[in-house]
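Here's run.txt, which has compact mmCIF, C-alpha atoms:
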```txt
# COMPACT_ATOMS: atom_id res chain seq x y z
CA MET D 1 127.68 93.86 105.09
CA PRO D 2 125.26 95.33 107.59
CA SER D 3 126.00 94.91 111.26
CA LEU D 4 123.73 92.93 113.52
CA TRP D 5 122.38 96.20 114.87
CA GLU D 6 121.54 97.46 111.40
CA ARG D 7 119.90 94.19 110.42
CA LEU D 8 117.83 94.21 113.59
CA PHE D 9 116.70 97.81 113.46
CA GLY D 10 117.16 98.76 109.83
CA ARG D 11 118.93 102.00 110.53
CA PRO D 12 122.41 102.13 109.09
CA ALA D 13 124.62 104.38 111.15
CA GLU D 14 126.26 106.05 108.15
CA ARG D 15 123.73 106.29 105.35
CA GLU D 16 121.02 108.92 105.44
CA SER D 17 117.61 107.40 106.10
CA SER D 18 114.76 108.33 103.78
CA ALA D 19 113.12 110.23 106.63
CA GLN D 20 116.28 112.27 107.11
CA ALA D 21 116.44 112.86 103.37
CA ALA D 22 112.83 114.05 103.39
CA LYS D 23 113.55 116.45 106.22
CA ARG D 24 116.72 117.80 104.61
CA ARG D 25 115.06 118.27 101.22
CA LEU D 26 112.05 119.97 102.76
CA GLN D 27 114.20 122.36 104.77
CA PHE D 28 115.96 123.29 101.54
CA VAL D 29 112.89 123.88 99.45
CA LEU D 30 111.08 125.76 102.21
CA VAL D 31 113.84 128.36 102.37
CA HIS D 32 112.95 129.22 98.78
CA ASP D 33 109.21 128.96 99.30
CA ARG D 34 109.30 131.22 102.32
CA ILE D 35 111.58 133.90 100.92
CA ASN D 36 109.39 133.99 97.80
CA LEU D 37 111.99 135.75 95.66
CA PRO D 38 110.78 135.99 92.06
CA PRO D 39 113.01 134.05 89.66
CA ASP D 40 113.99 137.16 87.68
CA ILE D 41 115.15 138.93 90.83
CA MET D 42 117.08 135.85 91.88
CA ALA D 43 118.66 135.70 88.42
CA ALA D 44 119.57 139.38 88.55
CA MET D 45 121.20 138.92 91.95
CA LYS D 46 123.19 135.95 90.67
CA GLN D 47 124.34 137.96 87.69
CA GLU D 48 125.51 140.84 89.88
CA ILE D 49 127.41 138.56 92.19
CA LEU D 50 128.98 136.95 89.15
CA ASP D 51 129.93 140.30 87.66
CA VAL D 52 131.77 141.26 90.83
CA ILE D 53 133.66 137.98 91.09
CA SER D 54 134.53 138.09 87.41
CA LYS D 55 136.51 141.27 88.01
CA TYR D 56 139.00 139.28 90.01
CA VAL D 57 138.99 135.72 88.81
CA GLN D 58 138.15 133.95 85.60
CA VAL D 59 135.04 131.92 86.30
CA SER D 60 133.37 129.25 84.24
CA GLU D 61 129.80 130.42 84.12
CA ASP D 62 128.25 126.98 83.59
CA ALA D 63 129.56 125.60 86.84
CA ILE D 64 128.24 128.36 89.06
CA ASP D 65 125.77 127.36 91.73
CA ILE D 66 124.15 130.03 93.84
CA ALA D 67 121.48 128.75 96.19
CA LEU D 68 119.68 129.51 99.41
CA HIS D 69 120.47 127.14 102.24
CA PRO D 70 118.44 126.52 105.37
CA SER D 71 119.60 127.61 108.78
CA GLU D 72 121.37 125.19 111.03
CA GLY D 73 120.63 125.29 114.71
CA GLY D 74 118.61 128.48 114.73
CA SER D 75 121.02 130.63 112.74
CA LEU D 76 119.92 132.65 109.72
CA ASN D 77 119.35 131.17 106.29
CA ARG D 78 122.34 131.53 104.03
CA LEU D 79 123.03 132.35 100.42
CA VAL D 80 125.72 129.95 99.31
CA ALA D 81 127.53 130.70 96.10
CA GLU D 82 129.82 128.09 94.68
CA VAL D 83 131.96 129.66 91.99
CA PRO D 84 134.68 127.49 90.53
CA PHE D 85 137.35 129.62 88.89
CA THR D 86 140.22 128.85 86.56
CA LYS D 87 142.74 131.61 87.28
CA SER D 88 142.95 135.01 88.82
CA ILE D 89 142.88 138.08 86.67
CA VAL D 90 145.97 139.89 87.88
CA ALA D 91 145.81 143.06 85.88
CA PRO D 92 144.42 145.58 85.58
CA PRO D 93 142.89 146.00 89.03
CA PRO D 94 139.68 148.05 89.16
CA PRO D 95 140.18 151.80 89.61
CA LEU D 96 140.33 152.61 93.28
CA ASP D 97 138.10 155.66 93.15
CA GLU D 98 135.16 153.52 91.97
CA ASP D 99 135.53 150.46 94.15
CA SER D 100 137.51 151.72 97.08
CA ASP D 101 135.86 149.35 99.52
CA LEU D 102 136.93 146.18 97.72
CA GLU D 103 139.70 143.87 98.79
CA ALA D 104 142.81 143.22 96.72
CA PRO D 105 142.15 140.78 93.84
CA ALA D 106 144.35 138.01 95.22
CA GLN D 107 142.22 137.74 98.35
CA ALA D 108 138.89 137.45 96.56
CA PRO D 109 137.07 134.46 98.06
CA GLU D 110 135.53 131.84 95.82
CA GLU D 111 132.63 131.36 98.19
CA VAL D 112 130.38 133.94 99.76
CA ASP D 113 129.77 131.95 102.93
CA PRO D 114 132.42 130.92 105.42
CA PRO D 115 133.82 127.50 104.54
CA GLU D 116 133.24 125.99 107.99
CA ALA D 117 129.44 126.48 107.61
CA ARG D 118 129.23 123.97 104.81
CA MET N 1 78.04 132.17 125.76
CA ALA N 2 80.71 132.96 123.19
CA GLY N 3 81.58 129.94 121.08
CA LYS N 4 84.94 129.30 119.56
CA VAL N 5 85.44 128.99 115.81
CA VAL N 6 87.93 126.26 114.93
CA THR N 7 88.99 125.95 111.30
CA VAL N 8 90.54 122.73 110.02
CA THR N 9 92.70 123.23 106.94
CA SER N 10 95.69 121.68 105.17
CA GLY N 11 96.75 123.14 101.86
CA LYS N 12 97.07 119.76 100.21
CA GLY N 13 93.97 117.70 99.58
CA GLY N 14 93.51 114.13 100.68
CA VAL N 15 95.41 114.34 103.95
CA GLY N 16 92.36 113.69 106.12
CA LYS N 17 90.87 117.12 106.74
CA THR N 18 87.23 116.12 106.50
CA THR N 19 87.76 112.93 108.47
CA SER N 20 89.55 114.91 111.17
CA THR N 21 86.80 117.55 111.29
CA ALA N 22 84.15 114.84 111.60
CA ASN N 23 86.04 113.13 114.41
CA LEU N 24 86.67 116.34 116.32
CA GLY N 25 83.04 117.42 115.99
CA MET N 26 81.74 114.12 117.22
CA GLY N 27 84.40 113.94 119.92
CA LEU N 28 83.41 117.36 121.24
CA ALA N 29 79.72 116.42 121.16
CA ARG N 30 80.58 113.26 123.07
CA LEU N 31 81.95 115.46 125.86
CA GLY N 32 78.62 117.25 125.98
CA LYS N 33 79.66 120.35 124.03
CA LYS N 34 77.24 122.13 121.73
CA VAL N 35 78.83 121.85 118.32
CA VAL N 36 78.00 122.99 114.81
CA MET N 37 80.13 121.95 111.87
CA ILE N 38 80.27 123.89 108.62
CA ASP N 39 81.35 122.24 105.40
CA ALA N 40 83.07 125.10 103.56
CA ASP N 41 84.06 122.95 100.60
CA ILE N 42 81.38 124.28 98.27
CA GLY N 43 81.01 122.16 95.15
CA LEU N 44 82.75 119.18 96.75
CA ARG N 45 80.49 118.40 99.67
CA ASN N 46 81.78 115.53 101.83
CA LEU N 47 81.45 116.17 105.54
CA ASP N 48 77.83 115.03 105.37
CA ILE N 49 78.65 111.55 104.12
CA VAL N 50 81.55 111.05 106.52
CA MET N 51 79.19 112.01 109.36
CA GLY N 52 76.39 109.75 108.08
CA LEU N 53 74.06 112.70 107.49
CA GLU N 54 73.96 112.72 103.69
CA ASN N 55 70.32 111.69 103.41
CA ARG N 56 68.90 114.52 105.43
CA ILE N 57 70.08 117.61 103.59
CA VAL N 58 67.44 120.13 102.60
CA TYR N 59 69.17 123.50 102.68
CA ASP N 60 72.88 124.26 102.52
CA LEU N 61 75.43 126.97 103.33
CA VAL N 62 74.77 128.91 100.13
CA ASP N 63 71.02 128.89 100.79
CA VAL N 64 71.73 130.50 104.16
CA VAL N 65 74.16 133.07 102.78
CA GLU N 66 71.79 134.03 99.97
CA GLY N 67 68.83 134.28 102.31
CA ARG N 68 66.73 131.38 100.99
CA ALA N 69 66.89 129.59 104.32
CA LYS N 70 67.36 130.53 107.96
CA VAL N 71 70.44 129.13 109.67
CA LYS N 72 68.25 126.87 111.81
CA GLN N 73 66.65 125.37 108.71
CA ALA N 74 69.99 124.41 107.20
CA MET N 75 71.38 122.81 110.35
CA ILE N 76 71.09 119.03 110.35
CA ARG N 77 70.90 117.56 113.81
CA HIS N 78 72.80 114.37 114.53
CA LYS N 79 70.57 111.57 115.80
CA GLN N 80 72.99 110.15 118.34
CA PHE N 81 74.20 113.53 119.60
CA PRO N 82 71.35 116.03 119.74
CA ASP N 83 73.76 118.91 120.39
CA LEU N 84 75.73 118.23 117.20
CA TYR N 85 74.72 119.94 113.96
CA LEU N 86 76.01 120.18 110.42
CA ILE N 87 75.59 122.96 107.91
CA PRO N 88 76.35 121.20 104.63
CA ALA N 89 78.11 122.71 101.64
CA ALA N 90 76.22 123.40 98.43
CA GLN N 91 76.98 120.78 95.83
CA THR N 92 75.99 122.62 92.68
CA ARG N 93 77.68 125.97 93.25
CA ASP N 94 81.28 127.12 93.51
CA LYS N 95 83.35 128.81 96.19
CA SER N 96 82.58 132.31 94.96
CA ALA N 97 78.98 131.92 96.17
CA VAL N 98 80.23 132.68 99.69
CA SER N 99 82.50 135.52 100.83
CA PRO N 100 84.79 135.77 103.86
CA SER N 101 82.48 138.39 105.38
CA ASP N 102 79.47 136.05 104.93
CA MET N 103 81.36 133.47 106.98
CA VAL N 104 82.24 135.98 109.70
CA GLN N 105 78.63 137.07 109.93
CA LEU N 106 77.30 133.51 110.05
CA CYS N 107 79.81 132.46 112.70
CA ASN N 108 79.04 135.49 114.86
CA GLU N 109 75.43 134.36 114.86
CA LEU N 110 76.36 130.76 115.69
CA ARG N 111 78.78 131.78 118.45
CA ARG N 112 75.85 132.83 120.61
CA GLU N 113 74.39 129.32 120.69
CA PHE N 114 77.30 126.94 120.34
CA ASP N 115 80.45 126.10 122.27
CA PHE N 116 82.32 125.14 119.12
CA ILE N 117 81.90 126.02 115.47
CA LEU N 118 84.06 123.68 113.40
CA ILE N 119 84.82 124.66 109.82
CA ASP N 120 86.02 122.08 107.32
CA SER N 121 88.13 124.09 104.88
CA PRO N 122 88.56 123.05 101.27
CA ALA N 123 92.04 122.16 100.03
CA GLY N 124 94.01 124.89 98.33
CA ILE N 125 94.76 128.47 99.23
CA GLU N 126 92.12 130.30 97.22
CA ARG N 127 88.68 131.66 97.97
CA GLY N 128 87.37 128.63 99.85
CA PHE N 129 90.39 128.66 102.12
CA ARG N 130 89.97 132.37 102.79
CA ASN N 131 86.29 131.83 103.56
CA ALA N 132 87.17 129.17 106.10
CA MET N 133 89.95 131.25 107.62
CA ALA N 134 88.08 134.56 108.01
CA PRO N 135 86.08 133.75 111.15
CA ALA N 136 88.65 131.41 112.78
CA ASP N 137 89.70 131.81 116.41
CA ASP N 138 91.70 128.63 116.39
CA ILE N 139 93.31 126.94 113.37
CA LEU N 140 94.26 123.29 113.03
CA ILE N 141 96.45 122.20 110.15
CA VAL N 142 96.21 118.59 109.06
CA THR N 143 99.19 117.07 107.31
CA ASN N 144 100.79 113.69 106.64
CA PRO N 145 104.47 112.99 107.21
CA GLU N 146 105.16 113.23 103.46
CA VAL N 147 107.16 115.88 101.63
CA SER N 148 104.31 117.19 99.48
CA ALA N 149 101.84 117.50 102.34
CA VAL N 150 104.38 119.15 104.65
CA ARG N 151 105.41 121.64 101.99
CA ASP N 152 101.79 122.65 101.40
CA ALA N 153 101.21 122.92 105.14
CA ASP N 154 104.13 125.32 105.35
CA ARG N 155 102.61 127.48 102.64
CA VAL N 156 99.32 127.62 104.52
CA ILE N 157 101.10 128.49 107.77
CA GLY N 158 102.76 131.41 105.97
CA LEU N 159 99.38 132.67 104.75
CA ILE N 160 97.88 132.35 108.23
CA GLU N 161 100.75 134.33 109.73
CA ALA N 162 100.41 136.97 107.04
CA GLU N 163 96.76 137.39 108.10
CA ASN N 164 97.82 137.73 111.74
CA LYS N 165 95.80 134.64 112.59
CA GLY N 166 96.93 131.69 114.60
CA PRO N 167 99.22 130.37 115.88
CA ALA N 168 97.94 127.29 114.11
CA ARG N 169 98.43 123.86 115.64
CA LEU N 170 99.27 120.68 113.81
CA ILE N 171 97.45 117.38 113.46
CA LEU N 172 99.94 114.90 112.04
CA ASN N 173 97.75 112.29 110.40
CA ARG N 174 98.46 108.79 109.06
CA VAL N 175 101.65 108.24 110.96
CA LYS N 176 102.98 104.73 110.43
CA ILE N 177 104.87 104.12 113.63
CA GLU N 178 106.76 101.13 112.25
CA LEU N 179 108.09 103.20 109.36
CA VAL N 180 109.09 106.02 111.69
CA ARG N 181 111.05 103.53 113.77
CA LYS N 182 112.87 102.32 110.68
CA GLY N 183 113.71 105.87 109.63
CA GLU N 184 111.51 105.58 106.56
CA MET N 185 108.95 108.14 107.63
CA MET N 186 109.42 111.54 109.23
CA SER N 187 108.57 111.62 112.91
CA ALA N 188 106.35 114.18 114.60
CA ASP N 189 109.52 115.87 115.87
CA ASP N 190 110.88 116.11 112.32
CA VAL N 191 107.69 117.68 111.02
CA THR N 192 107.28 120.18 113.86
CA ASP N 193 110.96 121.07 113.47
CA ILE N 194 110.39 121.89 109.82
CA LEU N 195 107.10 123.72 110.22
CA GLY N 196 107.83 125.49 113.48
CA ILE N 197 104.33 125.11 114.91
CA LYS N 198 102.99 123.24 117.92
CA LEU N 199 101.47 119.82 117.71
CA ILE N 200 97.92 119.18 118.88
CA GLY N 201 97.80 115.52 117.93
CA ILE N 202 99.41 112.57 116.22
CA VAL N 203 96.97 110.21 114.54
CA PRO N 204 98.39 106.80 113.72
CA ASP N 205 97.51 105.25 110.39
CA ASP N 206 94.65 102.92 111.12
CA GLU N 207 92.53 100.81 108.81
CA GLY N 208 89.65 101.47 111.16
CA VAL N 209 89.46 105.06 109.92
CA VAL N 210 88.36 104.00 106.45
CA SER N 211 85.78 101.52 107.65
CA ALA N 212 84.47 104.14 110.08
CA SER N 213 84.03 106.59 107.19
CA ASN N 214 82.41 103.83 105.17
CA SER N 215 79.71 103.43 107.76
CA GLY N 216 79.41 107.13 108.62
CA GLU N 217 80.46 106.62 112.23
CA PRO N 218 83.75 108.43 112.83
CA VAL N 219 86.48 106.42 114.54
CA VAL N 220 86.50 108.70 117.60
CA LEU N 221 83.52 106.69 118.83
CA SER N 222 85.36 103.39 118.70
CA ASP N 223 86.99 102.81 122.06
CA LYS N 224 89.53 100.26 120.90
CA SER N 225 90.88 102.23 117.96
CA ARG N 226 94.28 103.88 118.36
CA SER N 227 93.38 106.66 115.98
CA GLY N 228 90.10 107.07 117.83
CA GLN N 229 92.12 107.55 121.01
CA ALA N 230 94.31 110.09 119.22
CA TYR N 231 91.23 112.09 118.22
CA ARG N 232 89.82 111.87 121.74
CA ASP N 233 93.11 113.34 123.00
CA ILE N 234 92.98 116.15 120.44
CA VAL N 235 89.42 116.94 121.47
CA ARG N 236 90.48 117.27 125.11
CA ARG N 237 93.39 119.51 124.10
CA LEU N 238 90.93 121.65 122.11
CA THR N 239 88.87 122.19 125.24
CA GLY N 240 92.00 123.47 126.98
CA GLU N 241 92.95 120.33 128.85
CA ASP N 242 96.64 119.49 129.13
CA VAL N 243 96.88 115.97 127.74
CA PRO N 244 100.42 114.58 127.56
CA PHE N 245 101.58 112.96 124.34
CA ALA N 246 102.24 109.24 124.66
CA PRO N 247 106.04 108.70 124.54
CA LEU N 248 105.72 106.21 121.68
CA GLU N 249 104.14 108.83 119.46
CA GLN N 250 106.72 111.48 120.16
CA SER N 251 110.01 109.69 119.81
CA GLY N 252 109.32 106.71 117.60
CA GLY N 253 109.54 104.34 120.53
CA LEU N 254 112.02 102.92 122.94
CA LEU N 255 113.95 101.01 120.30
CA ALA N 256 114.54 104.20 118.33
CA LYS N 257 115.78 105.88 121.48
CA ILE N 258 118.23 103.07 122.11
CA GLY N 259 119.16 103.23 118.45
CA ARG N 260 120.01 106.90 118.81
CA LEU N 261 122.14 106.13 121.86
CA PHE N 262 124.16 103.84 119.66
CA GLY N 263 124.63 106.56 117.10
CA GLY N 264 121.78 105.43 114.88
CA ARG N 265 120.71 109.00 114.34
```
Go ahead and express the file in the form of structure tokens.
Amino acid sequence: MPSLWERLFGRPAERESSAQAAKRRLQFVLVHDRINLPPDIMAAMKQEILDVISKYVQVSEDAIDIALHPSEGGSLNRLVAEVPFTKSIVAPPPPLDEDSDLEAPAQAPEEVDPPEAR
Amino acid sequence: MAGKVVTVTSGKGGVGKTTSTANLGMGLARLGKKVVMIDADIGLRNLDIVMGLENRIVYDLVDVVEGRAKVKQAMIRHKQFPDLYLIPAAQTRDKSAVSPSDMVQLCNELRREFDFILIDSPAGIERGFRNAMAPADDILIVTNPEVSAVRDADRVIGLIEAENKGPARLILNRVKIELVRKGEMMSADDVTDILGIKLIGIVPDDEGVVSASNSGEPVVLSDKSRSGQAYRDIVRRLTGEDVPFAPLEQSGGLLAKIGRLFGGR
């Protein structure tokens, strides 16, 4: 039941207006348009990110979503990777001489971006 | 005298580029400026009919570029404004008949005699667009507050920046103020936020624009028309005057402001 205010001015306080939706969708698509990353490069990057994460956790490849997100309030655009995983791969850890800069497997994050930015 | 070359472009077709060019040309002439307009949309000539000059074409832009006619011969003088001229596009050729350097050369010649050289760019981002862009000192991008038009405008802005031209300014055309108030159409603030360029004018959607084109007398001449007023404001901004934007245009009106106070947005 819309409030009197909403009925008078047609702007529900909660639901996104179509103008807001247009703006949000445009800001999303323009990140891609502007960066102009060829699809094969984008795919290769996704695959590499996936390969790294797969060393630590078992991921379901179908559910992976890696996308560019627009900046909020003047910050930089972000690459947001959503990688649902089923369980961690405990052993064997990768040899230290090859990947000495990597964190321990248990601390591998499931998202590349900080959670509070979402 | 060194005239200024102003190119009107958009990316997407059908957003009101030609109508805007016609209105700006006539608006500048109305202020006593010497103006020549060039229709760069070769193969899809239209500026002539919107200006009411379609019956007087003898030579066109391609005739000038290929040396069959002198510039003066191809310029059609407007009857009401003797300091307003049009160089029409060729109708039977394609964009490749003219090169960017042809346009630069032609405009350099015209700069000596005119205050403003207005170029009506074709839609798209190919040869015709590059022709229109090459001589530009000032670039105006026309768009509508719709996702497809705004996206194409962004693409064009990127190309302009890559050419080290600009900064382009935005004409937001066909704004339906009622819809903006209801949150069903992006506002000028929304669009400039997305595109990151400055606004030069907001033209409200107005049935008068179509009937003005029908009769070949651009709406800028009609004193009562709101869109005519918007074009008159843009014209003054083009000449360097600081014309404030009416508050209604900018914010979607007082009601929307109150609405935002109450958490409406």
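Across the structure, CA of Ala89 in chain N and CA of Met37 in chain N are spaced 10.5 Å apart.
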Please identify every residue of chain N that has at least one atom no farther than 6 Å from an atom of chain D, counting all atoms listed in the file, and for each give the shortest atom pair and the distance in Å to one decimal, arranged by chain then increasing number, as CSV.
```
residue,atom,partner,partner_atom,distance
N:Lys182,CA,D:Gly10,CA,5.6
N:Gly183,CA,D:Ala19,CA,5.3
N:Glu184,CA,D:Ala19,CA,4.9
N:Met185,CA,D:Ala19,CA,4.8
N:Met186,CA,D:Ala19,CA,4.7
N:Gly264,CA,D:Ala13,CA,4.8
```
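Checking D:Arg78, D:Ile35, D:Pro84, D:Phe28 one by one against Asp65 in chain D, counting all atoms listed in the file, you find the shortest gap at D:Pro84.
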Pick the closest to Glu163 in chain N from N:Leu61, N:Met75, N:Val175, N:Ala136: which is it, counting all atoms listed in the file?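 Nearest to Glu163 in chain N: N:Ala136.
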Taking only C-alpha atoms into account, name the residue in D:Ile66, D:Leu79, D:Val59, D:Thr86 that is nearest to Lys46 in chain D.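 That would be D:Ile66, the residue with the smallest distance to Lys46 in chain D.
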I'd like to know which of N:Val58, N:Ala29, N:Met51, N:Ile200 is closest to Ser215 in chain N, using all atoms listed in the file.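 Nearest to Ser215 in chain N: N:Met51.
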Can you pull out the residues contacting Ile89 in chain D? Cut-off 7 Å, using all atoms listed in the file, and skip same-chain residues under 2 positions away; I want them as JSON, numbers by chain. {"D": [56, 57, 58, 87, 91]}
Please list as number ranges by chain every residue within 10 Å of range 9-13 of chain N, counting all atoms listed in the file and excluding residues in the same chain fewer than 2 positions away. N: 6-7, 15-18, 20-21, 119-126, 129, 132-133, 139-144, 148-157, 168, 170-171
Report the distance between CA of Ala188 in chain N and CA of Ser225 in chain N in Å, rounded to one decimal place.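 Rounded to one decimal, the two atoms are 19.8 Å apart.
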State, in Å with one decimal place, the distance from CA of Val191 in chain N to CA of Leu76 in chain D. 19.4 Å
Counting all atoms listed in the file, which residue out of N:Arg169, N:Arg30, N:Lys224, N:Arg174 sits closest to Pro145 in chain N? N:Arg174
Within 10 Å of Arg111 in chain N, counting all atoms listed in the file, which residues qualify if same-chain residues fewer than 2 places away don't, as a short mmCIF file (atom, residue, chain, number, x, y, z; two decimals) with C-alpha atoms, in the coordinates of the input?
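New file part_26.cif:
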```cif
data_model
loop_
_atom_site.label_atom_id
_atom_site.label_comp_id
_atom_site.auth_asym_id
_atom_site.auth_seq_id
_atom_site.Cartn_x
_atom_site.Cartn_y
_atom_site.Cartn_z
CA MET N 1 78.04 132.17 125.76
CA ALA N 2 80.71 132.96 123.19
CA GLY N 3 81.58 129.94 121.08
CA LYS N 4 84.94 129.30 119.56
CA VAL N 5 85.44 128.99 115.81
CA VAL N 35 78.83 121.85 118.32
CA VAL N 36 78.00 122.99 114.81
CA LEU N 106 77.30 133.51 110.05
CA CYS N 107 79.81 132.46 112.70
CA ASN N 108 79.04 135.49 114.86
CA GLU N 109 75.43 134.36 114.86
CA GLU N 113 74.39 129.32 120.69
CA PHE N 114 77.30 126.94 120.34
CA ASP N 115 80.45 126.10 122.27
CA PHE N 116 82.32 125.14 119.12
CA ILE N 117 81.90 126.02 115.47
#
```
